[in-house]
$ cat query.pdb   # PDB, C-alpha atoms, pLDDT in the B column
ATOM      1  CA  MET A   1       0.000   0.000   0.000  1.00 45.00           C
ATOM      2  CA  GLU A   2       1.408   3.361  -0.985  1.00 49.00           C
ATOM      3  CA  GLU A   3       2.324   5.688   1.863  1.00 46.00           C
ATOM      4  CA  PRO A   4       0.144   8.855   2.017  1.00 50.00           C
ATOM      5  CA  LYS A   5       1.926  11.848   0.528  1.00 47.00           C
ATOM      6  CA  HIS A   6       1.675  13.873   3.743  1.00 46.00           C
ATOM      7  CA  LEU A   7       3.578  11.136   5.603  1.00 47.00           C
ATOM      8  CA  ARG A   8       6.391  10.711   3.100  1.00 46.00           C
ATOM      9  CA  LYS A   9       9.808  11.776   4.345  1.00 49.00           C
ATOM     10  CA  THR A  10      11.972  13.994   2.216  1.00 50.00           C
ATOM     11  CA  LYS A  11      15.711  14.228   2.343  1.00 50.00           C
ATOM     12  CA  PRO A  12      16.931  17.346   4.135  1.00 48.00           C
ATOM     13  CA  ILE A  13      18.476  19.977   1.928  1.00 46.00           C
ATOM     14  CA  ARG A  14      22.204  19.982   2.550  1.00 47.00           C
ATOM     15  CA  PRO A  15      23.517  23.547   2.634  1.00 47.00           C
ATOM     16  CA  ALA A  16      26.421  24.383   0.370  1.00 50.00           C
ATOM     17  CA  ILE A  17      29.618  24.197   2.397  1.00 81.00           C
ATOM     18  CA  PHE A  18      31.702  27.367   2.665  1.00 90.00           C
ATOM     19  CA  ASN A  19      29.422  29.599   0.551  1.00 87.00           C
ATOM     20  CA  SER A  20      28.891  32.159   3.320  1.00 88.00           C
ATOM     21  CA  GLU A  21      32.537  32.417   4.398  1.00 94.00           C
ATOM     22  CA  PRO A  22      34.175  35.806   3.635  1.00 95.00           C
ATOM     23  CA  VAL A  23      37.509  35.775   1.810  1.00 97.00           C
ATOM     24  CA  ASP A  24      40.343  38.238   1.211  1.00 98.00           C
ATOM     25  CA  ILE A  25      42.134  37.784  -2.126  1.00 98.00           C
ATOM     26  CA  ILE A  26      45.611  39.295  -1.806  1.00 98.00           C
ATOM     27  CA  ILE A  27      47.397  40.032  -5.086  1.00 98.00           C
ATOM     28  CA  PRO A  28      50.831  41.677  -5.085  1.00 97.00           C
ATOM     29  CA  PHE A  29      52.130  43.110  -8.329  1.00 96.00           C
ATOM     30  CA  HIS A  30      55.192  44.939  -9.608  1.00 94.00           C
ATOM     31  CA  GLY A  31      54.723  46.097 -13.164  1.00 91.00           C
ATOM     32  CA  ALA A  32      52.973  43.557 -15.415  1.00 87.00           C
ATOM     33  CA  TYR A  33      50.010  45.940 -15.451  1.00 92.00           C
ATOM     34  CA  ARG A  34      48.050  44.292 -18.247  1.00 93.00           C
ATOM     35  CA  HIS A  35      48.056  40.921 -16.491  1.00 94.00           C
ATOM     36  CA  THR A  36      47.001  42.465 -13.194  1.00 94.00           C
ATOM     37  CA  SER A  37      44.052  44.230 -14.823  1.00 94.00           C
ATOM     38  CA  LYS A  38      42.999  41.018 -16.549  1.00 96.00           C
ATOM     39  CA  LEU A  39      43.030  39.072 -13.293  1.00 97.00           C
ATOM     40  CA  ILE A  40      40.872  41.643 -11.507  1.00 96.00           C
ATOM     41  CA  GLU A  41      38.379  41.690 -14.380  1.00 96.00           C
ATOM     42  CA  THR A  42      38.014  37.927 -14.426  1.00 97.00           C
ATOM     43  CA  ILE A  43      37.652  37.609 -10.642  1.00 97.00           C
ATOM     44  CA  LEU A  44      34.884  40.207 -10.605  1.00 96.00           C
ATOM     45  CA  PHE A  45      33.172  38.682 -13.625  1.00 96.00           C
ATOM     46  CA  VAL A  46      32.979  35.020 -12.579  1.00 96.00           C
ATOM     47  CA  THR A  47      33.092  34.930  -8.756  1.00 95.00           C
ATOM     48  CA  ARG A  48      29.642  34.740  -7.151  1.00 90.00           C
ATOM     49  CA  SER A  49      30.056  32.066  -4.500  1.00 89.00           C
ATOM     50  CA  ASN A  50      31.309  33.991  -1.466  1.00 92.00           C
ATOM     51  CA  PRO A  51      31.533  37.476  -0.019  1.00 94.00           C
ATOM     52  CA  TYR A  52      35.040  38.572  -0.906  1.00 96.00           C
ATOM     53  CA  GLN A  53      37.381  41.526  -1.199  1.00 97.00           C
ATOM     54  CA  ILE A  54      40.296  41.929  -3.574  1.00 97.00           C
ATOM     55  CA  CYS A  55      43.355  43.457  -1.927  1.00 98.00           C
ATOM     56  CA  LEU A  56      45.831  44.703  -4.530  1.00 97.00           C
ATOM     57  CA  VAL A  57      49.319  45.497  -3.330  1.00 97.00           C
ATOM     58  CA  ASP A  58      51.343  47.641  -5.705  1.00 96.00           C
ATOM     59  CA  ASP A  59      54.873  46.642  -4.753  1.00 96.00           C
ATOM     60  CA  CYS A  60      56.333  50.053  -5.581  1.00 94.00           C
ATOM     61  CA  SER A  61      55.832  49.704  -9.346  1.00 94.00           C
ATOM     62  CA  PRO A  62      57.414  52.383 -11.571  1.00 92.00           C
ATOM     63  CA  ASN A  63      54.016  53.640 -12.794  1.00 92.00           C
ATOM     64  CA  GLU A  64      52.559  55.194  -9.650  1.00 90.00           C
ATOM     65  CA  LYS A  65      49.427  56.379 -11.478  1.00 91.00           C
ATOM     66  CA  TYR A  66      48.305  52.869 -12.458  1.00 92.00           C
ATOM     67  CA  ILE A  67      46.675  52.177  -9.101  1.00 90.00           C
ATOM     68  CA  GLU A  68      44.405  55.230  -9.403  1.00 90.00           C
ATOM     69  CA  GLN A  69      42.221  53.461 -11.959  1.00 85.00           C
ATOM     70  CA  LEU A  70      42.163  50.310  -9.826  1.00 87.00           C
ATOM     71  CA  LYS A  71      40.644  52.210  -6.900  1.00 86.00           C
ATOM     72  CA  LYS A  72      37.423  52.482  -8.896  1.00 87.00           C
ATOM     73  CA  ALA A  73      36.962  48.713  -9.140  1.00 91.00           C
ATOM     74  CA  PRO A  74      34.183  47.257  -6.949  1.00 93.00           C
ATOM     75  CA  GLN A  75      35.041  45.049  -3.960  1.00 94.00           C
ATOM     76  CA  THR A  76      38.648  46.180  -4.262  1.00 95.00           C
ATOM     77  CA  VAL A  77      41.097  47.960  -1.990  1.00 96.00           C
ATOM     78  CA  VAL A  78      44.485  49.115  -3.215  1.00 96.00           C
ATOM     79  CA  TYR A  79      47.729  49.739  -1.320  1.00 96.00           C
ATOM     80  CA  ARG A  80      51.172  50.802  -2.449  1.00 96.00           C
ATOM     81  CA  THR A  81      54.340  49.812  -0.612  1.00 97.00           C
ATOM     82  CA  PRO A  82      56.927  52.531   0.104  1.00 95.00           C
ATOM     83  CA  ASN A  83      59.729  50.285  -1.198  1.00 95.00           C
ATOM     84  CA  HIS A  84      60.012  47.237  -3.465  1.00 94.00           C
ATOM     85  CA  LEU A  85      59.472  44.493  -0.885  1.00 95.00           C
ATOM     86  CA  GLY A  86      59.283  41.429  -3.116  1.00 95.00           C
ATOM     87  CA  PHE A  87      56.502  38.848  -3.373  1.00 96.00           C
ATOM     88  CA  ALA A  88      56.317  37.675   0.257  1.00 97.00           C
ATOM     89  CA  GLY A  89      56.879  41.150   1.658  1.00 97.00           C
ATOM     90  CA  ALA A  90      54.037  42.533  -0.451  1.00 97.00           C
ATOM     91  CA  LEU A  91      51.815  39.620   0.597  1.00 98.00           C
ATOM     92  CA  GLN A  92      52.469  40.464   4.231  1.00 98.00           C
ATOM     93  CA  PHE A  93      51.791  44.151   3.556  1.00 98.00           C
ATOM     94  CA  GLY A  94      48.324  43.203   2.302  1.00 98.00           C
ATOM     95  CA  PHE A  95      47.764  40.523   4.931  1.00 98.00           C
ATOM     96  CA  GLU A  96      48.314  43.000   7.756  1.00 98.00           C
ATOM     97  CA  ARG A  97      45.759  45.380   6.230  1.00 97.00           C
ATOM     98  CA  THR A  98      42.970  42.858   5.729  1.00 97.00           C
ATOM     99  CA  GLU A  99      40.859  40.954   8.227  1.00 96.00           C
ATOM    100  CA  GLN A 100      38.619  38.325   6.606  1.00 97.00           C
ATOM    101  CA  PRO A 101      39.104  34.864   8.165  1.00 96.00           C
ATOM    102  CA  TRP A 102      39.980  33.148   4.883  1.00 98.00           C
ATOM    103  CA  VAL A 103      42.792  34.328   2.621  1.00 98.00           C
ATOM    104  CA  ILE A 104      43.783  33.537  -0.966  1.00 98.00           C
ATOM    105  CA  PHE A 105      47.260  34.455  -2.198  1.00 98.00           C
ATOM    106  CA  MET A 106      47.532  34.917  -5.979  1.00 98.00           C
ATOM    107  CA  HIS A 107      50.115  35.737  -8.592  1.00 97.00           C
ATOM    108  CA  SER A 108      49.136  38.712 -10.709  1.00 95.00           C
ATOM    109  CA  ASP A 109      49.482  36.787 -13.987  1.00 95.00           C
ATOM    110  CA  CYS A 110      46.637  34.357 -13.258  1.00 96.00           C
ATOM    111  CA  VAL A 111      43.207  34.326 -14.918  1.00 96.00           C
ATOM    112  CA  VAL A 112      40.074  32.757 -13.452  1.00 96.00           C
ATOM    113  CA  SER A 113      37.248  31.410 -15.597  1.00 92.00           C
ATOM    114  CA  ASP A 114      35.385  28.873 -13.455  1.00 90.00           C
ATOM    115  CA  ALA A 115      32.666  30.170 -11.104  1.00 92.00           C
ATOM    116  CA  GLY A 116      33.602  27.522  -8.541  1.00 92.00           C
ATOM    117  CA  TRP A 117      37.298  28.325  -8.334  1.00 96.00           C
ATOM    118  CA  MET A 118      37.036  29.952  -4.877  1.00 96.00           C
ATOM    119  CA  ILE A 119      34.322  27.953  -3.129  1.00 96.00           C
ATOM    120  CA  GLU A 120      35.872  24.615  -4.096  1.00 96.00           C
ATOM    121  CA  LEU A 121      39.135  25.581  -2.393  1.00 97.00           C
ATOM    122  CA  GLY A 122      37.252  26.219   0.826  1.00 97.00           C
ATOM    123  CA  ARG A 123      35.141  23.087   0.491  1.00 96.00           C
ATOM    124  CA  SER A 124      38.277  20.981   0.159  1.00 96.00           C
ATOM    125  CA  LEU A 125      39.795  22.481   3.303  1.00 96.00           C
ATOM    126  CA  LEU A 126      36.601  21.931   5.297  1.00 95.00           C
ATOM    127  CA  HIS A 127      36.238  18.400   3.966  1.00 94.00           C
ATOM    128  CA  TRP A 128      39.743  17.489   5.125  1.00 96.00           C
ATOM    129  CA  HIS A 129      39.029  19.135   8.475  1.00 94.00           C
ATOM    130  CA  HIS A 130      35.880  17.065   8.982  1.00 92.00           C
ATOM    131  CA  GLN A 131      37.867  13.929   8.157  1.00 93.00           C
ATOM    132  CA  GLY A 132      40.506  14.809  10.729  1.00 95.00           C
ATOM    133  CA  ILE A 133      43.205  15.325   8.085  1.00 96.00           C
ATOM    134  CA  PRO A 134      45.380  18.338   9.047  1.00 97.00           C
ATOM    135  CA  VAL A 135      45.519  20.050   5.631  1.00 98.00           C
ATOM    136  CA  ARG A 136      45.735  23.784   6.280  1.00 98.00           C
ATOM    137  CA  MET A 137      46.574  25.193   2.844  1.00 98.00           C
ATOM    138  CA  VAL A 138      45.135  24.229  -0.525  1.00 98.00           C
ATOM    139  CA  SER A 139      46.016  25.187  -4.092  1.00 98.00           C
ATOM    140  CA  ALA A 140      44.038  25.364  -7.292  1.00 97.00           C
ATOM    141  CA  ARG A 141      45.380  23.325 -10.182  1.00 97.00           C
ATOM    142  CA  SER A 142      46.732  25.087 -13.254  1.00 96.00           C
ATOM    143  CA  ASN A 143      48.031  24.730 -16.785  1.00 95.00           C
ATOM    144  CA  ASN A 144      51.334  26.175 -15.567  1.00 94.00           C
ATOM    145  CA  PRO A 145      51.927  25.700 -11.842  1.00 94.00           C
ATOM    146  CA  GLY A 146      55.620  26.505 -12.175  1.00 91.00           C
ATOM    147  CA  GLY A 147      56.761  23.556 -10.115  1.00 90.00           C
ATOM    148  CA  GLY A 148      55.324  21.619  -7.225  1.00 93.00           C
ATOM    149  CA  PRO A 149      53.633  18.192  -7.228  1.00 94.00           C
ATOM    150  CA  LYS A 150      52.707  16.732 -10.609  1.00 94.00           C
ATOM    151  CA  GLU A 151      49.007  16.665  -9.648  1.00 95.00           C
ATOM    152  CA  LEU A 152      48.911  20.466  -9.877  1.00 96.00           C
ATOM    153  CA  ARG A 153      49.369  20.500 -13.643  1.00 94.00           C
ATOM    154  CA  THR A 154      46.402  20.056 -15.953  1.00 92.00           C
ATOM    155  CA  VAL A 155      45.571  21.716 -19.244  1.00 86.00           C
ATOM    156  CA  SER A 156      41.857  22.069 -18.500  1.00 80.00           C
ATOM    157  CA  LYS A 157      39.467  22.640 -15.611  1.00 78.00           C
ATOM    158  CA  SER A 158      38.101  19.088 -15.625  1.00 81.00           C
ATOM    159  CA  HIS A 159      37.399  17.806 -12.112  1.00 88.00           C
ATOM    160  CA  THR A 160      39.582  15.273 -10.324  1.00 91.00           C
ATOM    161  CA  LYS A 161      39.947  14.041  -6.757  1.00 94.00           C
ATOM    162  CA  ASP A 162      41.565  16.169  -4.081  1.00 96.00           C
ATOM    163  CA  VAL A 163      45.167  15.299  -3.259  1.00 97.00           C
ATOM    164  CA  VAL A 164      47.047  15.595   0.029  1.00 98.00           C
ATOM    165  CA  VAL A 165      50.626  16.624  -0.754  1.00 97.00           C
ATOM    166  CA  GLU A 166      53.108  14.188   0.766  1.00 94.00           C
ATOM    167  CA  GLU A 167      56.213  15.199  -1.178  1.00 93.00           C
ATOM    168  CA  GLY A 168      57.121  18.657  -2.419  1.00 94.00           C
ATOM    169  CA  HIS A 169      55.340  21.943  -1.741  1.00 97.00           C
ATOM    170  CA  LEU A 170      52.717  24.265  -3.172  1.00 98.00           C
ATOM    171  CA  PRO A 171      53.765  27.231  -5.291  1.00 96.00           C
ATOM    172  CA  LEU A 172      51.672  30.186  -4.144  1.00 97.00           C
ATOM    173  CA  TYR A 173      50.097  31.225  -7.454  1.00 97.00           C
ATOM    174  CA  CYS A 174      46.596  30.506  -6.071  1.00 98.00           C
ATOM    175  CA  ALA A 175      46.558  29.155  -2.525  1.00 98.00           C
ATOM    176  CA  MET A 176      43.968  29.430   0.260  1.00 98.00           C
ATOM    177  CA  CYS A 177      44.348  29.123   4.012  1.00 98.00           C
ATOM    178  CA  HIS A 178      42.702  30.351   7.198  1.00 98.00           C
ATOM    179  CA  ARG A 179      44.247  33.485   8.622  1.00 97.00           C
ATOM    180  CA  THR A 180      45.067  31.780  11.921  1.00 97.00           C
ATOM    181  CA  LEU A 181      47.508  29.390  10.225  1.00 98.00           C
ATOM    182  CA  PHE A 182      50.408  31.791  10.684  1.00 98.00           C
ATOM    183  CA  GLN A 183      49.791  32.104  14.413  1.00 97.00           C
ATOM    184  CA  GLN A 184      50.135  28.331  14.631  1.00 97.00           C
ATOM    185  CA  ILE A 185      53.379  27.990  12.678  1.00 97.00           C
ATOM    186  CA  GLY A 186      55.455  30.793  14.156  1.00 96.00           C
ATOM    187  CA  GLY A 187      54.824  33.636  11.770  1.00 97.00           C
ATOM    188  CA  PHE A 188      54.053  34.666   8.209  1.00 98.00           C
ATOM    189  CA  ILE A 189      55.664  33.602   4.934  1.00 98.00           C
ATOM    190  CA  LYS A 190      59.382  34.459   4.959  1.00 97.00           C
ATOM    191  CA  ASN A 191      60.176  37.793   3.368  1.00 96.00           C
ATOM    192  CA  TYR A 192      63.036  36.780   1.074  1.00 96.00           C
ATOM    193  CA  PRO A 193      64.341  39.411  -1.385  1.00 95.00           C
ATOM    194  CA  LEU A 194      62.231  39.690  -4.552  1.00 94.00           C
ATOM    195  CA  ALA A 195      60.988  36.064  -4.802  1.00 94.00           C
ATOM    196  CA  PHE A 196      61.779  32.311  -4.735  1.00 94.00           C
ATOM    197  CA  TYR A 197      62.057  29.685  -1.975  1.00 96.00           C
ATOM    198  CA  GLU A 198      59.588  31.302   0.441  1.00 97.00           C
ATOM    199  CA  ASP A 199      57.015  28.668  -0.575  1.00 97.00           C
ATOM    200  CA  GLU A 200      59.451  25.829   0.163  1.00 97.00           C
ATOM    201  CA  GLU A 201      60.280  27.180   3.624  1.00 98.00           C
ATOM    202  CA  LEU A 202      56.572  27.648   4.368  1.00 98.00           C
ATOM    203  CA  ALA A 203      55.755  24.022   3.530  1.00 98.00           C
ATOM    204  CA  TYR A 204      58.647  22.786   5.668  1.00 97.00           C
ATOM    205  CA  ARG A 205      57.516  24.876   8.630  1.00 98.00           C
ATOM    206  CA  MET A 206      53.907  23.718   8.255  1.00 98.00           C
ATOM    207  CA  LYS A 207      55.054  20.105   8.264  1.00 97.00           C
ATOM    208  CA  LYS A 208      57.171  20.720  11.358  1.00 96.00           C
ATOM    209  CA  HIS A 209      54.028  21.892  13.149  1.00 97.00           C
ATOM    210  CA  GLY A 210      52.008  18.890  11.998  1.00 97.00           C
ATOM    211  CA  PHE A 211      50.130  20.492   9.109  1.00 98.00           C
ATOM    212  CA  LYS A 212      49.811  19.423   5.487  1.00 98.00           C
ATOM    213  CA  GLN A 213      49.158  21.065   2.136  1.00 98.00           C
ATOM    214  CA  GLY A 214      46.624  19.900  -0.440  1.00 98.00           C
ATOM    215  CA  ILE A 215      45.466  20.243  -4.035  1.00 98.00           C
ATOM    216  CA  CYS A 216      41.818  20.918  -4.872  1.00 97.00           C
ATOM    217  CA  GLY A 217      40.570  18.742  -7.713  1.00 96.00           C
ATOM    218  CA  LYS A 218      37.698  21.093  -8.587  1.00 95.00           C
ATOM    219  CA  SER A 219      39.486  24.452  -8.678  1.00 96.00           C
ATOM    220  CA  TRP A 220      41.524  25.516 -11.702  1.00 96.00           C
ATOM    221  CA  VAL A 221      43.138  28.780 -12.772  1.00 96.00           C
ATOM    222  CA  GLN A 222      45.098  29.749 -15.828  1.00 96.00           C
ATOM    223  CA  HIS A 223      48.613  30.908 -14.998  1.00 95.00           C
ATOM    224  CA  GLU A 224      51.085  32.446 -17.416  1.00 92.00           C
ATOM    225  CA  GLY A 225      53.910  32.354 -14.887  1.00 88.00           C
ATOM    226  CA  GLY A 226      57.058  34.418 -14.564  1.00 85.00           C
ATOM    227  CA  LYS A 227      55.699  37.740 -15.825  1.00 86.00           C
ATOM    228  CA  THR A 228      56.711  39.724 -12.760  1.00 88.00           C
ATOM    229  CA  ILE A 229      60.106  37.994 -12.644  1.00 88.00           C
ATOM    230  CA  GLU A 230      60.702  38.892 -16.298  1.00 87.00           C
ATOM    231  CA  TYR A 231      59.732  42.488 -15.601  1.00 88.00           C
ATOM    232  CA  VAL A 232      62.055  42.749 -12.597  1.00 89.00           C
ATOM    233  CA  CYS A 233      65.027  41.070 -14.296  1.00 88.00           C
ATOM    234  CA  LYS A 234      64.848  43.402 -17.301  1.00 87.00           C
ATOM    235  CA  ARG A 235      65.219  46.383 -14.987  1.00 88.00           C
ATOM    236  CA  ASN A 236      67.656  44.930 -12.483  1.00 88.00           C
ATOM    237  CA  PRO A 237      70.650  42.954 -13.824  1.00 87.00           C
ATOM    238  CA  LYS A 238      71.374  41.608 -10.335  1.00 92.00           C
ATOM    239  CA  ALA A 239      67.823  40.376  -9.687  1.00 90.00           C
ATOM    240  CA  LYS A 240      68.463  36.786 -10.734  1.00 92.00           C
ATOM    241  CA  GLU A 241      71.544  36.529  -8.531  1.00 94.00           C
ATOM    242  CA  ILE A 242      69.608  37.980  -5.594  1.00 92.00           C
ATOM    243  CA  MET A 243      66.769  35.491  -6.014  1.00 92.00           C
ATOM    244  CA  GLU A 244      69.132  32.544  -6.354  1.00 94.00           C
ATOM    245  CA  GLY A 245      70.686  33.635  -3.067  1.00 95.00           C
ATOM    246  CA  ASN A 246      67.362  32.948  -1.378  1.00 94.00           C
ATOM    247  CA  ARG A 247      68.155  29.246  -1.478  1.00 96.00           C
ATOM    248  CA  GLU A 248      70.811  29.718   1.209  1.00 96.00           C
ATOM    249  CA  ARG A 249      68.357  31.769   3.284  1.00 96.00           C
ATOM    250  CA  CYS A 250      65.761  29.021   2.919  1.00 96.00           C
ATOM    251  CA  VAL A 251      68.184  26.252   3.936  1.00 97.00           C
ATOM    252  CA  LEU A 252      69.276  28.250   6.976  1.00 97.00           C
ATOM    253  CA  ASP A 253      65.698  28.925   8.053  1.00 96.00           C
ATOM    254  CA  MET A 254      64.726  25.277   7.627  1.00 96.00           C
ATOM    255  CA  SER A 255      67.691  24.190   9.744  1.00 96.00           C
ATOM    256  CA  ILE A 256      66.559  26.575  12.474  1.00 94.00           C
ATOM    257  CA  VAL A 257      63.049  25.109  12.336  1.00 94.00           C
ATOM    258  CA  LYS A 258      64.425  21.573  12.381  1.00 93.00           C
ATOM    259  CA  ASN A 259      66.481  22.223  15.481  1.00 92.00           C
ATOM    260  CA  SER A 260      63.868  24.233  17.330  1.00 85.00           C
TER     261      SER A 260
END
$ encode --input "query.pdb" --output "structure tokens"
Amino acid sequence: MEEPKHLRKTKPIRPAIFNSEPVDIIIPFHGAYRHTSKLIETILFVTRSNPYQICLVDDCSPNEKYIEQLKKAPQTVVYRTPNHLGFAGALQFGFERTEQPWVIFMHSDCVVSDAGWMIELGRSLLHWHHQGIPVRMVSARSNNPGGGPKELRTVSKSHTKDVVVEEGHLPLYCAMCHRTLFQQIGGFIKNYPLAFYEDEELAYRMKKHGFKQGICGKSWVQHEGGKTIEYVCKRNPKAKEIMEGNRERCVLDMSIVKNS
């Protein structure tokens, strides 16, 4: 006998995970103006999943007037550093001037095209948390990750399974974490001159404190890669040597962490 309609049970509607969480997107840039503008346009055009704010950090670019037009963009705040701090230094400059609980760090030569790029990063982090897996930073996949685990690289935004990184580290072209992470690991990303190796030291320090990094199988961004580095090296003949010197700084810092 068929059950009366008014007695039939319906499955509860499961709320979308993470869709109400506010996010700060911190994007440092030095030159490479066209790429920066393109990234802002695409974020504003496709992102509808979460309340968010774009924090642009002009790392003392030569064209001081460029940021004036950026101030008109919605959901965007713009800062300019007094000196050329480098990638991690500019990230910290923005981090200290924002306050949303979740943070995404991005390279200025990325482009987003998938509406789920942000929310899927957060969903992956919360999913690992509910499973008791201590992943505290997650990266989108990309056509050009510029290093890192092989699972980061894919030519399209087709969905795959999430991956917990066991070997290697995440490049920071599009990485999300909770703001409190840095209180738990002894401080922010290391401010090495210009760029390079700060991501490797960060992963080592996270591991030392019992935390892991992960790759989101449902978040993908396009990444040209190296545009800021090219810009800097053309204007500073010693830039490459300076950045290569960061390896020694990284090794020293990791040895300090190891012995602490």
$ residues_around --input "query.pdb" --residues "Val112 (chain A)" --least-positions-apart "2" --cutoff "10 Å" --atoms "all atoms listed in the file" --output "PyMOL selection string"
chain A and resi 38-47+110+114-118+219-223
$ residues_around --input "query.pdb" --residues "region 75-85 of chain A" --least-positions-apart "4" --cutoff "6 Å" --atoms "only C-alpha atoms" --output "ChimeraX atom specification"
/A:53-60,89-90
$ resolve_selection --input "query.pdb" --expression "the PyMOL selection byres ((chain A and resi 197) around 12)" --output "short mmCIF file (atom, residue, chain, number, x, y, z; two decimals) with C-alpha atoms, in the coordinates of the input"
data_model
loop_
_atom_site.label_atom_id
_atom_site.label_comp_id
_atom_site.auth_asym_id
_atom_site.auth_seq_id
_atom_site.Cartn_x
_atom_site.Cartn_y
_atom_site.Cartn_z
CA PHE A 87 56.50 38.85 -3.37
CA ALA A 88 56.32 37.67 0.26
CA GLY A 147 56.76 23.56 -10.12
CA GLY A 148 55.32 21.62 -7.22
CA HIS A 169 55.34 21.94 -1.74
CA LEU A 170 52.72 24.26 -3.17
CA PRO A 171 53.76 27.23 -5.29
CA LEU A 172 51.67 30.19 -4.14
CA ILE A 189 55.66 33.60 4.93
CA LYS A 190 59.38 34.46 4.96
CA ASN A 191 60.18 37.79 3.37
CA TYR A 192 63.04 36.78 1.07
CA PRO A 193 64.34 39.41 -1.38
CA LEU A 194 62.23 39.69 -4.55
CA ALA A 195 60.99 36.06 -4.80
CA PHE A 196 61.78 32.31 -4.74
CA GLU A 198 59.59 31.30 0.44
CA ASP A 199 57.02 28.67 -0.57
CA GLU A 200 59.45 25.83 0.16
CA GLU A 201 60.28 27.18 3.62
CA LEU A 202 56.57 27.65 4.37
CA ALA A 203 55.76 24.02 3.53
CA TYR A 204 58.65 22.79 5.67
CA ILE A 242 69.61 37.98 -5.59
CA MET A 243 66.77 35.49 -6.01
CA GLU A 244 69.13 32.54 -6.35
CA GLY A 245 70.69 33.64 -3.07
CA ASN A 246 67.36 32.95 -1.38
CA ARG A 247 68.16 29.25 -1.48
CA GLU A 248 70.81 29.72 1.21
CA ARG A 249 68.36 31.77 3.28
CA CYS A 250 65.76 29.02 2.92
CA VAL A 251 68.18 26.25 3.94
CA LEU A 252 69.28 28.25 6.98
CA ASP A 253 65.70 28.92 8.05
CA MET A 254 64.73 25.28 7.63
#
$ atom_distance --input "query.pdb" --atom1 "CA of Lys258 (chain A)" --atom2 "CA of Gly186 (chain A)"
13.0 Å
$ resolve_selection --input "query.pdb" --expression "the PyMOL selection byres ((chain A and resi 25) around 8)" --output "count of residues only"
12
$ residues_near_point --input "query.pdb" --point "(43.9, 23.2, -8.7)" --cutoff "6 Å" --atoms "only C-alpha atoms" --output "PyMOL selection string"
chain A and resi 139-142+152+215-217+219-220
$ closest_residue --input "query.pdb" --among "A:Arg153, A:Lys218, A:Arg123, A:Arg136" --to "Gln184 (chain A)" --atoms "only C-alpha atoms"
A:Arg136
$ atom_distance --input "query.pdb" --atom1 "CA of Glu166 (chain A)" --atom2 "CA of Gly225 (chain A)"
24.0 Å
$ atom_distance --input "query.pdb" --atom1 "CA of Pro145 (chain A)" --atom2 "CA of Asp109 (chain A)"
11.6 Å
$ axis_aligned_box --input "query.pdb" --around "region 131-148 of chain A" --padding-each-side "4 Å" --output "JSON"
{"center_x": 47.3, "center_y": 20.2, "center_z": -3.0, "size_x": 26.9, "size_y": 20.6, "size_z": 35.5}
$ closest_residue --input "query.pdb" --among "A:Gln69, A:Ser158, A:Asn143, A:Asn50" --to "Pro22 (chain A)" --atoms "all atoms listed in the file"
A:Asn50
$ build_atoms --input "query.pdb" --residues "region 67-78 of chain A" --atoms "N, CA and C atoms" --output "PDB file, in the coordinates of the input"
ATOM      1  N   ILE A  67      47.614  52.607 -10.140  1.00 90.00           N
ATOM      2  CA  ILE A  67      46.675  52.177  -9.101  1.00 90.00           C
ATOM      3  C   ILE A  67      45.466  53.102  -8.978  1.00 90.00           C
ATOM      4  N   GLU A  68      45.542  54.315  -9.517  1.00 90.00           N
ATOM      5  CA  GLU A  68      44.405  55.230  -9.403  1.00 90.00           C
ATOM      6  C   GLU A  68      43.172  54.672 -10.100  1.00 90.00           C
ATOM      7  N   GLN A  69      43.367  54.040 -11.252  1.00 85.00           N
ATOM      8  CA  GLN A  69      42.221  53.461 -11.959  1.00 85.00           C
ATOM      9  C   GLN A  69      41.707  52.208 -11.258  1.00 85.00           C
ATOM     10  N   LEU A  70      42.578  51.515 -10.532  1.00 87.00           N
ATOM     11  CA  LEU A  70      42.163  50.310  -9.826  1.00 87.00           C
ATOM     12  C   LEU A  70      41.281  50.635  -8.625  1.00 87.00           C
ATOM     13  N   LYS A  71      41.431  51.820  -8.063  1.00 86.00           N
ATOM     14  CA  LYS A  71      40.644  52.210  -6.900  1.00 86.00           C
ATOM     15  C   LYS A  71      39.155  52.297  -7.221  1.00 86.00           C
ATOM     16  N   LYS A  72      38.817  52.389  -8.492  1.00 87.00           N
ATOM     17  CA  LYS A  72      37.423  52.482  -8.896  1.00 87.00           C
ATOM     18  C   LYS A  72      36.746  51.118  -9.016  1.00 87.00           C
ATOM     19  N   ALA A  73      37.523  50.054  -8.986  1.00 91.00           N
ATOM     20  CA  ALA A  73      36.962  48.713  -9.140  1.00 91.00           C
ATOM     21  C   ALA A  73      36.143  48.332  -7.913  1.00 91.00           C
ATOM     22  N   PRO A  74      34.990  47.672  -8.101  1.00 93.00           N
ATOM     23  CA  PRO A  74      34.183  47.257  -6.949  1.00 93.00           C
ATOM     24  C   PRO A  74      34.865  46.161  -6.142  1.00 93.00           C
ATOM     25  N   GLN A  75      34.535  46.092  -4.860  1.00 94.00           N
ATOM     26  CA  GLN A  75      35.041  45.049  -3.960  1.00 94.00           C
ATOM     27  C   GLN A  75      36.566  44.981  -3.951  1.00 94.00           C
ATOM     28  N   THR A  76      37.188  46.138  -4.128  1.00 95.00           N
ATOM     29  CA  THR A  76      38.648  46.180  -4.262  1.00 95.00           C
ATOM     30  C   THR A  76      39.234  47.288  -3.401  1.00 95.00           C
ATOM     31  N   VAL A  77      40.301  46.944  -2.681  1.00 96.00           N
ATOM     32  CA  VAL A  77      41.097  47.960  -1.990  1.00 96.00           C
ATOM     33  C   VAL A  77      42.508  47.898  -2.555  1.00 96.00           C
ATOM     34  N   VAL A  78      43.167  49.034  -2.584  1.00 96.00           N
ATOM     35  CA  VAL A  78      44.485  49.115  -3.215  1.00 96.00           C
ATOM     36  C   VAL A  78      45.479  49.772  -2.252  1.00 96.00           C
TER      37      VAL A  78
END
